[in-house]
Amino acid sequence: MERKITWENYDAKQLEKMEEINREYREFLDHGKTERECIDTIVNTIEAEGYRELEKLMEEGARIQKGDKVYSVCMNKSIVMFQMGHRPLTEGMNILGAHIDSPRLDVKQNPFYEDSGFAYLDTHYYGGVKKYQWVALPLAIHGVVVKKDGTTVELNVGENEDDPVFFVSDLLIHLAGEQLEKKASKVIEGEALDLIVGSRPVVIKAGEKEKEGDEQKDKAKEAVKAGILDILKETYDIEEEDFVSAELEIVPAGKAREAGFDRSMILAYGQDDRVCAYTSMRAMLDVKDTDRTICCILVDKEEIGSVGATGMQSRFFENAVAELMNLSGEYSELNVRRCLARSCMLSSDVSAGYDPSYASCFEKKNAAYLGKGMVFNKFTGSRGKSGSNDANAEYIAHLRKVLEDRGIMYQTAELGKVDVGGGGTIAYILALYGMNVIDSGVAVLNMHAPWEATSKADVYETYRGYMAFAEGASM
């Protein structure tokens with residue numbers, strides 16, 4: 001069963017719309033390199049489109065009606081959005097769900113040290129990474145430092161042209177004979193992924209050393225570290241102890257770029273899974289009126305098992321649905337269960353794009369190809385489908401009709417050969433409610449690398465597919 005190349009189906013007007021969607025998507029990536037930044041960007045976008053915060057509506061005792069647009073944020077890292085439809089919530093919703101966390105390096109709570117004239121930040125990698133990919137490239141620091149008095153200091157260093165950047169060093173090839181004999185998983189160890197943040201020592205005059213005593217002696221002992229801490233104090237009014245209550249993420253420095261002479265692709269950090277987050281959000285905004293209520297969930301912690309208060313395994317989503325039903329006059333514990341069980345969901349996550357350079361890892365008939373439209377994965381997991389959601393045939397048949405009636409280009413895939421590897425998404429968590437769920441998203445090359453690649457056509461077609469689902473799914 002051969003799928004057509006998506007590009008061949010677009011007229012001039014569609015190509016123009018595709019470029020518009022992808023231009024906005026690149027801006028979204030540039031403004032949202034962390035979960036917190038994504039949430040800030042999303043809230044600013046949806047409030048301009050008339051969305052109101054659920055918690056404020058609860059305080060007001062407002063009555064939610066058809067057509068209302070509502071959102072709720074959890075700890076500045078996850079968000080759920082609703083657009084109320086004509087039918088009661090007890091008849092279910094159409095849900096788009098994606099994640100906004102991506103693999104990266106996290107700064108530890110006691111990170112600063114100096115060694116041989118370099119100041120370092122100690123890190124702990126987050127999510128599934130090939131550690132050797134994170135050395136010898138420009139990196140940026142994004143995140144927040146929360147001081148004891150509750151003041152939040154935001155850091156974003158390395159993205160502007162006049163910003164400094166940071167890096168993790170690698171061993172020169174001339175001395176790397178022993179290193180090159182190691183397995184790829186051992187070439188760079190996790191504890192070696194420490195960020196170089198400076199090398200210029202504080203200059204302390206002889207007279208000052210005598211006057212100030214121990215404090216100046218400590219500065220002289222670790223003069224480079226002291227210099228960096230002075231800069232942080234002067235620029236951000238933060239001290240070393242404040243890093244205990246900080247969330248700082250190390251990400252590749254630089255903007256999302258068009259790739260290829262034909263500019264057909266996007267090369268950027270964090271496209272797993274912000275490509276599906278953006279297309280889900282944009283589809284929500286562009287659907288004007290629906291029979292069923294539509295919902296978009298964008299969550300944190302998927303890369304490490306969807307754990308914690310901001311991951312999909314938390315009760316944040318379920319609680320928001322209960323509060324929404326309460327304000328719409330439909331709440332009961334039984335009605336919440338009915339709403340969730342009767343919902344349809346696309347677990348919007350990326351799929352591994354077929355890469356001819358590594359063809360032995362794929363089964364070509366069941367692989368996702370760049371440029372062939374949105375991808376459906378009936379199941380994910382590994383080996384014997386371990387840890388997966390497995391969508392039923394009736395639901396897939398329903399989605400086929402919804403998409404084909406609207407001329408949406410799609411393909412089906414598995415995540416590589418059966419015994420080669422595997423992966424998971426948030427699909428199985430929502431399926432626990434008894435709702436119909438299937439994985440659907442965009443094919444990605446270089447997945448989990450510092451720079452990932454997608455096809456502009458797939459981004460656009462997935463956006464169109466999510467709109468079709470939001471408007472037409474009802475099972």
# chains A, B, ... in the order shown; residues from 1 in each chain; ligands from 1
>>> select_by_dssp(residues="stretch 133-297 of chain A", states="strand (DSSP E)", output="ChimeraX atom specification")
/A:139-146,152-157,195-198,246-252,257-259,265-268,293-297
>>> residues_around(residues="A:Ser314", least_positions_apart="3", cutoff="12 Å", atoms="only C-alpha atoms", output="list in words")
Cys74, Ser78, Val299, Asp300, Lys301, Glu302, Gly305, Ser306, Val307, Gly308, Ala309, Thr310, Gly311, Phe317, Glu318, Asn319, Ala320, Ile426, Ile429 and Leu430 of chain A
>>> closest_residue(among="A:Thr462, A:Ser102, A:Thr151, A:Ser280", to="A:Ala443", atoms="only C-alpha atoms")
A:Thr462
>>> closest_atom_pairs(of="stretch 126-189 of chain A", to="stretch 253-256 of chain A", cutoff="7 Å", atoms="only C-alpha atoms", output="Markdown table")
| residue | atom | partner | partner_atom | distance |
| --- | --- | --- | --- | --- |
| A:Pro138 | CA | A:Ala253 | CA | 5.6 |
| A:Leu139 | CA | A:Ala253 | CA | 4.6 |
| A:Ala140 | CA | A:Ala253 | CA | 4.8 |
| A:Gly158 | CA | A:Ala253 | CA | 5.8 |
| A:Glu159 | CA | A:Ala253 | CA | 5.6 |
>>> write_last_selection(atoms="all heavy atoms", output="PDB file, in the first residue's frame")
ATOM      1  N   PRO A 138      27.430  24.842  20.633  1.00  0.00           N
ATOM      2  CA  PRO A 138      27.002  25.981  21.458  1.00  0.00           C
ATOM      3  C   PRO A 138      25.703  25.683  22.187  1.00  0.00           C
ATOM      4  O   PRO A 138      24.740  25.192  21.586  1.00  0.00           O
ATOM      5  CB  PRO A 138      26.846  27.123  20.449  1.00  0.00           C
ATOM      6  CG  PRO A 138      26.675  26.453  19.125  1.00  0.00           C
ATOM      7  CD  PRO A 138      27.423  25.165  19.195  1.00  0.00           C
ATOM      8  N   LEU A 139      25.677  25.976  23.476  1.00  0.00           N
ATOM      9  CA  LEU A 139      24.517  25.700  24.307  1.00  0.00           C
ATOM     10  C   LEU A 139      24.047  26.969  25.005  1.00  0.00           C
ATOM     11  O   LEU A 139      24.825  27.894  25.229  1.00  0.00           O
ATOM     12  CB  LEU A 139      24.861  24.633  25.352  1.00  0.00           C
ATOM     13  CG  LEU A 139      25.298  23.268  24.794  1.00  0.00           C
ATOM     14  CD1 LEU A 139      25.858  22.395  25.911  1.00  0.00           C
ATOM     15  CD2 LEU A 139      24.134  22.570  24.102  1.00  0.00           C
ATOM     16  N   ALA A 140      22.764  26.990  25.334  1.00  0.00           N
ATOM     17  CA  ALA A 140      22.153  28.126  26.025  1.00  0.00           C
ATOM     18  C   ALA A 140      21.572  27.662  27.354  1.00  0.00           C
ATOM     19  O   ALA A 140      21.258  26.483  27.531  1.00  0.00           O
ATOM     20  CB  ALA A 140      21.063  28.751  25.162  1.00  0.00           C
ATOM     21  N   GLY A 158      22.179  32.985  25.767  1.00  0.00           N
ATOM     22  CA  GLY A 158      22.759  32.213  24.678  1.00  0.00           C
ATOM     23  C   GLY A 158      21.983  32.261  23.386  1.00  0.00           C
ATOM     24  O   GLY A 158      22.424  31.715  22.368  1.00  0.00           O
ATOM     25  N   GLU A 159      20.828  32.922  23.389  1.00  0.00           N
ATOM     26  CA  GLU A 159      19.986  32.930  22.191  1.00  0.00           C
ATOM     27  C   GLU A 159      20.171  34.188  21.336  1.00  0.00           C
ATOM     28  O   GLU A 159      20.095  34.125  20.109  1.00  0.00           O
ATOM     29  CB  GLU A 159      18.513  32.786  22.580  1.00  0.00           C
ATOM     30  CG  GLU A 159      18.191  31.504  23.335  1.00  0.00           C
ATOM     31  CD  GLU A 159      18.415  30.234  22.516  1.00  0.00           C
ATOM     32  OE1 GLU A 159      18.638  30.329  21.296  1.00  0.00           O
ATOM     33  OE2 GLU A 159      18.386  29.142  23.109  1.00  0.00           O
TER      34      GLU A 159
END
>>> residues_around(residues="A:Leu121", least_positions_apart="3", cutoff="10 Å", atoms="only C-alpha atoms", output="ChimeraX atom specification")
/A:106-114,168,193-198,225
>>> select_by_dssp(residues="stretch 232-358 of chain A", states="helix (DSSP H, G or I)", output="PyMOL selection string")
chain A and resi 232-236+240-245+271-286+302-304+316-327+333-341+356-358
>>> atom_distance(atom1="atom CA of A:Glu452", atom2="atom CA of A:Cys296")
23.9 Å
>>> residues_around(residues="A:Leu96", least_positions_apart="4", cutoff="9 Å", atoms="only C-alpha atoms", output="list in words")
Ala277, Ser280, Met281, Met284, Ile294, Cys295, Cys296, Ile297, Leu298, Cys344, Met345, Leu346, Ser347, Ser348, Tyr466, Phe469 and Ala470 of chain A
>>> residues_around(residues="A:Gly422", least_positions_apart="4", cutoff="6 Å", atoms="only C-alpha atoms", output="ChimeraX atom specification")
/A:381-382,415
>>> atom_distance(atom1="atom CA of A:Asp458", atom2="atom CA of A:Thr6")
7.6 Å
>>> closest_residue(among="A:Ala322, A:Met312, A:Met81, A:Ala136", to="A:Ile46", atoms="only C-alpha atoms")
A:Met81
>>> residues_around(residues="A:Val187", least_positions_apart="3", cutoff="12 Å", atoms="only C-alpha atoms", output="list in words")
Lys130, Lys131, Tyr132, Gln133, Trp134, Val135, Asp170, Leu171, Ala176, Gly177, Glu178, Gln179, Leu180, Glu181, Lys182, Lys183, Ala184, Gly190, Glu191, Ala192 and Leu193 of chain A
>>> residues_around(residues="A:Thr34", least_positions_apart="2", cutoff="12 Å", atoms="only C-alpha atoms", output="ChimeraX atom specification")
/A:28-32,36-41,76-78,99-106,140-144,154-156,247-252,269-271,273-274,299-301
>>> decode(residues="stretch 143-159 of chain A", atoms="N, CA, C and O atoms", output="short mmCIF file (atom, residue, chain, number, x, y, z; two decimals), in the first residue's frame")
data_model
loop_
_atom_site.label_atom_id
_atom_site.label_comp_id
_atom_site.auth_asym_id
_atom_site.auth_seq_id
_atom_site.Cartn_x
_atom_site.Cartn_y
_atom_site.Cartn_z
N GLY A 143 15.68 29.08 32.03
CA GLY A 143 15.01 28.60 33.23
C GLY A 143 14.76 29.68 34.25
O GLY A 143 14.78 30.88 33.95
N VAL A 144 14.49 29.22 35.47
CA VAL A 144 14.16 30.15 36.55
C VAL A 144 14.97 29.82 37.80
O VAL A 144 15.33 28.67 38.05
N VAL A 145 15.26 30.87 38.57
CA VAL A 145 15.83 30.74 39.91
C VAL A 145 14.84 31.40 40.86
O VAL A 145 14.51 32.58 40.70
N VAL A 146 14.37 30.64 41.83
CA VAL A 146 13.39 31.17 42.79
C VAL A 146 14.10 31.40 44.11
O VAL A 146 14.63 30.46 44.72
N LYS A 147 14.11 32.65 44.55
CA LYS A 147 14.80 33.03 45.79
C LYS A 147 13.92 32.75 47.01
O LYS A 147 12.71 32.52 46.89
N LYS A 148 14.55 32.78 48.20
CA LYS A 148 13.82 32.47 49.43
C LYS A 148 12.63 33.38 49.67
O LYS A 148 11.63 32.98 50.28
N ASP A 149 12.70 34.62 49.20
CA ASP A 149 11.60 35.55 49.41
C ASP A 149 10.47 35.36 48.40
O ASP A 149 9.50 36.12 48.39
N GLY A 150 10.61 34.35 47.53
CA GLY A 150 9.58 34.06 46.53
C GLY A 150 9.79 34.74 45.19
O GLY A 150 9.06 34.46 44.23
N THR A 151 10.79 35.60 45.10
CA THR A 151 11.09 36.27 43.84
C THR A 151 11.58 35.26 42.81
O THR A 151 12.44 34.43 43.10
N THR A 152 11.04 35.33 41.61
CA THR A 152 11.45 34.46 40.51
C THR A 152 12.30 35.24 39.52
O THR A 152 11.87 36.27 39.01
N VAL A 153 13.49 34.73 39.28
CA VAL A 153 14.41 35.35 38.32
C VAL A 153 14.47 34.46 37.10
O VAL A 153 14.78 33.26 37.19
N GLU A 154 14.16 35.02 35.94
CA GLU A 154 14.19 34.25 34.69
C GLU A 154 15.54 34.43 34.00
O GLU A 154 16.06 35.54 33.91
N LEU A 155 16.09 33.30 33.52
CA LEU A 155 17.34 33.34 32.76
C LEU A 155 17.10 32.82 31.35
O LEU A 155 16.39 31.82 31.15
N ASN A 156 17.68 33.52 30.40
CA ASN A 156 17.67 33.08 29.01
C ASN A 156 18.94 33.63 28.38
O ASN A 156 18.96 34.77 27.89
N VAL A 157 20.00 32.85 28.43
CA VAL A 157 21.31 33.32 28.00
C VAL A 157 21.85 32.40 26.91
O VAL A 157 21.96 31.19 27.11
N GLY A 158 22.18 32.99 25.77
CA GLY A 158 22.76 32.21 24.68
C GLY A 158 21.98 32.26 23.39
O GLY A 158 22.42 31.71 22.37
N GLU A 159 20.83 32.92 23.39
CA GLU A 159 19.99 32.93 22.19
C GLU A 159 20.17 34.19 21.34
O GLU A 159 20.10 34.13 20.11
#
